Amino acid sequence: MKKNKADRSFAFICLGASMLLLAAVQYAWLAPTAIRVVATANLLLYGLSLFLFRRTRKSFTDPNLHVSVRAIMSGFMIKFFVLAVAALVYIFSMRKEVSLPALGAVAVLYIVYTGAEVRALLLLLKKTDHA
């Protein structure tokens with residue numbers, strides 16, 4: 001998978017989630033604070049996915065195979081822990097006004113971005129000669 005194609009897929013996911021958030025504003029599916037939480041998490045996941053994808057793609061050129069395995073595993077851990085810290089900050093700052101649908105939407109976004117990143121990396125490995 002080319003670099004531009006992967007970047008476009010991440011941008012498409014970000015744009016699709018943003019369009020769903022605009023629909024949520026229009027039809028009042030979520031509270032305004034919940035929409036801000038999901039929008040912030042969407043941008044955070046978009047930036048992290050781009051950064052970690054590029055970092056992992058660069059590790060594929062290293063002759064040591066362990067470098068790419070470490071890059072993939074650390075990328076997933078970094079993304080998960082950054083999102084977990086952001087969720088904890090949100091939960092502790094809002095206390096009783098925490099929106100569970102917003103946290104669920106953020107979890108779905110995490111799965112979508114991670115799935116897109118894995119797919120892009122697998123397609124990248126399939127096209128290059130690593131055997």
# chains A, B, ... in the order shown; residues from 1 in each chain; ligands from 1

call {"tool": "residues_around", "arguments": {"residues": "Cys14 (chain A)", "least_positions_apart": "2", "cutoff": "9 Å", "atoms": "only C-alpha atoms", "output": "list in words"}}
result
Ser9, Phe10, Ala11, Phe12, Gly16, Ala17, Ser18, Met19, Asn42, Leu43, Leu45, Tyr46 and Tyr113 of chain A

call {"tool": "residues_around", "arguments": {"residues": "Leu48 (chain A)", "least_positions_apart": "3", "cutoff": "12 Å", "atoms": "only C-alpha atoms", "output": "PyMOL selection string"}}
result
chain A and resi 10+14+41-45+51-56+75-83+110+113-114+117

call {"tool": "closest_atom_pairs", "arguments": {"of": "region 46-122 of chain A", "to": "region 27-39 of chain A", "cutoff": "8 Å", "atoms": "only C-alpha atoms", "output": "JSON lines"}}
result
{"residue": "A:Ser99", "atom": "CA", "partner": "A:Ala34", "partner_atom": "CA", "distance": 6.1}
{"residue": "A:Pro101", "atom": "CA", "partner": "A:Leu30", "partner_atom": "CA", "distance": 7.7}
{"residue": "A:Ala102", "atom": "CA", "partner": "A:Ala34", "partner_atom": "CA", "distance": 5.3}
{"residue": "A:Leu103", "atom": "CA", "partner": "A:Val38", "partner_atom": "CA", "distance": 7.7}
{"residue": "A:Ala105", "atom": "CA", "partner": "A:Val38", "partner_atom": "CA", "distance": 6.8}
{"residue": "A:Val106", "atom": "CA", "partner": "A:Val38", "partner_atom": "CA", "distance": 5.9}

call {"tool": "atom_distance", "arguments": {"atom1": "CA of Ile111 (chain A)", "atom2": "CA of Ile91 (chain A)"}}
result
20.2 Å

call {"tool": "atom_distance", "arguments": {"atom1": "CA of Gly104 (chain A)", "atom2": "CA of Gly47 (chain A)"}}
result
19.8 Å

call {"tool": "atom_distance", "arguments": {"atom1": "CA of Val67 (chain A)", "atom2": "CA of Val108 (chain A)"}}
result
28.8 Å

call {"tool": "closest_residue", "arguments": {"among": "A:Ala84, A:Leu123, A:Ser59, A:Ala6", "to": "Ile72 (chain A)", "atoms": "only C-alpha atoms"}}
result
A:Ser59

call {"tool": "select_by_dssp", "arguments": {"residues": "chain A", "states": "alpha helix (DSSP H)", "output": "VMD selection string"}}
result
chain A and resid 3 to 27 32 to 59 65 to 94 100 to 127

call {"tool": "write_last_selection", "arguments": {"atoms": "C-alpha atoms", "output": "mmCIF file, in the first residue's frame"}}
result
data_model
loop_
_atom_site.group_PDB
_atom_site.id
_atom_site.type_symbol
_atom_site.label_atom_id
_atom_site.label_comp_id
_atom_site.auth_asym_id
_atom_site.auth_seq_id
_atom_site.Cartn_x
_atom_site.Cartn_y
_atom_site.Cartn_z
ATOM 1 C CA LYS A 3 2.016 6.008 1.625
ATOM 2 C CA ASN A 4 -0.544 8.361 0.101
ATOM 3 C CA LYS A 5 -3.209 5.667 -0.014
ATOM 4 C CA ALA A 6 -2.788 4.896 3.681
ATOM 5 C CA ASP A 7 -2.835 8.589 4.562
ATOM 6 C CA ARG A 8 -6.040 8.959 2.550
ATOM 7 C CA SER A 9 -7.666 6.046 4.358
ATOM 8 C CA PHE A 10 -6.912 7.632 7.738
ATOM 9 C CA ALA A 11 -8.213 10.970 6.470
ATOM 10 C CA PHE A 12 -11.350 9.260 5.147
ATOM 11 C CA ILE A 13 -12.015 7.693 8.552
ATOM 12 C CA CYS A 14 -11.494 11.051 10.262
ATOM 13 C CA LEU A 15 -13.799 12.778 7.803
ATOM 14 C CA GLY A 16 -16.466 10.080 8.133
ATOM 15 C CA ALA A 17 -16.406 10.304 11.918
ATOM 16 C CA SER A 18 -16.615 14.093 11.696
ATOM 17 C CA MET A 19 -19.632 13.834 9.400
ATOM 18 C CA LEU A 20 -21.319 11.497 11.880
ATOM 19 C CA LEU A 21 -20.604 14.020 14.629
ATOM 20 C CA LEU A 22 -22.226 16.757 12.553
ATOM 21 C CA ALA A 23 -25.276 14.533 12.193
ATOM 22 C CA ALA A 24 -25.234 13.963 15.956
ATOM 23 C CA VAL A 25 -25.305 17.736 16.455
ATOM 24 C CA GLN A 26 -28.133 18.152 13.946
ATOM 25 C CA TYR A 27 -30.344 15.418 15.399
ATOM 26 C CA PRO A 32 -22.668 18.844 23.353
ATOM 27 C CA THR A 33 -19.932 17.851 25.808
ATOM 28 C CA ALA A 34 -20.043 14.263 24.534
ATOM 29 C CA ILE A 35 -19.689 15.499 20.956
ATOM 30 C CA ARG A 36 -16.618 17.510 21.964
ATOM 31 C CA VAL A 37 -15.142 14.434 23.644
ATOM 32 C CA VAL A 38 -15.644 12.258 20.550
ATOM 33 C CA ALA A 39 -14.340 14.995 18.223
ATOM 34 C CA THR A 40 -11.218 15.454 20.341
ATOM 35 C CA ALA A 41 -10.614 11.703 20.495
ATOM 36 C CA ASN A 42 -11.115 11.466 16.728
ATOM 37 C CA LEU A 43 -8.422 14.072 16.085
ATOM 38 C CA LEU A 44 -6.134 12.460 18.669
ATOM 39 C CA LEU A 45 -6.535 9.032 17.081
ATOM 40 C CA TYR A 46 -6.019 10.447 13.593
ATOM 41 C CA GLY A 47 -2.734 12.092 14.587
ATOM 42 C CA LEU A 48 -1.512 9.060 16.512
ATOM 43 C CA SER A 49 -2.413 6.671 13.705
ATOM 44 C CA LEU A 50 -0.556 8.729 11.113
ATOM 45 C CA PHE A 51 2.513 9.109 13.315
ATOM 46 C CA LEU A 52 2.653 5.440 14.331
ATOM 47 C CA PHE A 53 1.966 4.183 10.797
ATOM 48 C CA ARG A 54 4.841 6.225 9.388
ATOM 49 C CA ARG A 55 7.114 5.093 12.214
ATOM 50 C CA THR A 56 6.268 1.435 11.640
ATOM 51 C CA ARG A 57 6.588 1.742 7.868
ATOM 52 C CA LYS A 58 10.070 3.189 8.315
ATOM 53 C CA SER A 59 11.013 0.249 10.563
ATOM 54 C CA LEU A 65 13.298 -8.046 11.877
ATOM 55 C CA HIS A 66 12.846 -7.431 15.592
ATOM 56 C CA VAL A 67 12.728 -3.686 14.974
ATOM 57 C CA SER A 68 9.503 -3.917 13.006
ATOM 58 C CA VAL A 69 7.874 -6.220 15.573
ATOM 59 C CA ARG A 70 8.819 -3.805 18.355
ATOM 60 C CA ALA A 71 7.506 -0.875 16.322
ATOM 61 C CA ILE A 72 4.140 -2.544 15.728
ATOM 62 C CA MET A 73 3.673 -3.655 19.331
ATOM 63 C CA SER A 74 4.834 -0.375 20.834
ATOM 64 C CA GLY A 75 2.610 1.536 18.415
ATOM 65 C CA PHE A 76 -0.508 -0.272 19.592
ATOM 66 C CA MET A 77 0.508 0.164 23.218
ATOM 67 C CA ILE A 78 1.229 3.872 22.788
ATOM 68 C CA LYS A 79 -2.112 4.455 21.094
ATOM 69 C CA PHE A 80 -4.001 2.473 23.734
ATOM 70 C CA PHE A 81 -2.324 4.124 26.716
ATOM 71 C CA VAL A 82 -2.650 7.664 25.342
ATOM 72 C CA LEU A 83 -6.345 7.042 24.771
ATOM 73 C CA ALA A 84 -6.711 5.447 28.223
ATOM 74 C CA VAL A 85 -5.079 8.459 29.890
ATOM 75 C CA ALA A 86 -7.335 10.810 27.931
ATOM 76 C CA ALA A 87 -10.379 8.781 29.008
ATOM 77 C CA LEU A 88 -9.282 8.853 32.648
ATOM 78 C CA VAL A 89 -8.767 12.614 32.499
ATOM 79 C CA TYR A 90 -12.266 12.980 31.045
ATOM 80 C CA ILE A 91 -13.813 10.654 33.653
ATOM 81 C CA PHE A 92 -12.123 12.324 36.610
ATOM 82 C CA SER A 93 -12.835 15.839 35.368
ATOM 83 C CA MET A 94 -16.538 15.236 34.660
ATOM 84 C CA LEU A 100 -21.049 6.435 28.355
ATOM 85 C CA PRO A 101 -22.196 6.686 24.712
ATOM 86 C CA ALA A 102 -19.290 9.057 24.064
ATOM 87 C CA LEU A 103 -16.818 6.616 25.608
ATOM 88 C CA GLY A 104 -18.357 3.818 23.554
ATOM 89 C CA ALA A 105 -18.019 5.890 20.377
ATOM 90 C CA VAL A 106 -14.359 6.554 21.206
ATOM 91 C CA ALA A 107 -13.777 2.816 21.722
ATOM 92 C CA VAL A 108 -15.332 2.110 18.314
ATOM 93 C CA LEU A 109 -13.104 4.784 16.752
ATOM 94 C CA TYR A 110 -10.052 3.151 18.355
ATOM 95 C CA ILE A 111 -11.003 -0.187 16.817
ATOM 96 C CA VAL A 112 -11.624 1.375 13.393
ATOM 97 C CA TYR A 113 -8.325 3.289 13.342
ATOM 98 C CA THR A 114 -6.365 0.271 14.594
ATOM 99 C CA GLY A 115 -8.011 -1.979 12.002
ATOM 100 C CA ALA A 116 -7.187 0.479 9.228
ATOM 101 C CA GLU A 117 -3.590 0.713 10.422
ATOM 102 C CA VAL A 118 -3.189 -3.070 10.550
ATOM 103 C CA ARG A 119 -4.720 -3.449 7.095
ATOM 104 C CA ALA A 120 -2.429 -0.780 5.637
ATOM 105 C CA LEU A 121 0.648 -2.383 7.202
ATOM 106 C CA LEU A 122 -0.326 -5.848 6.000
ATOM 107 C CA LEU A 123 -0.857 -4.595 2.458
ATOM 108 C CA LEU A 124 2.489 -2.820 2.631
ATOM 109 C CA LEU A 125 4.225 -6.012 3.726
ATOM 110 C CA LYS A 126 2.455 -8.043 1.065
ATOM 111 C CA LYS A 127 3.691 -5.817 -1.768
#
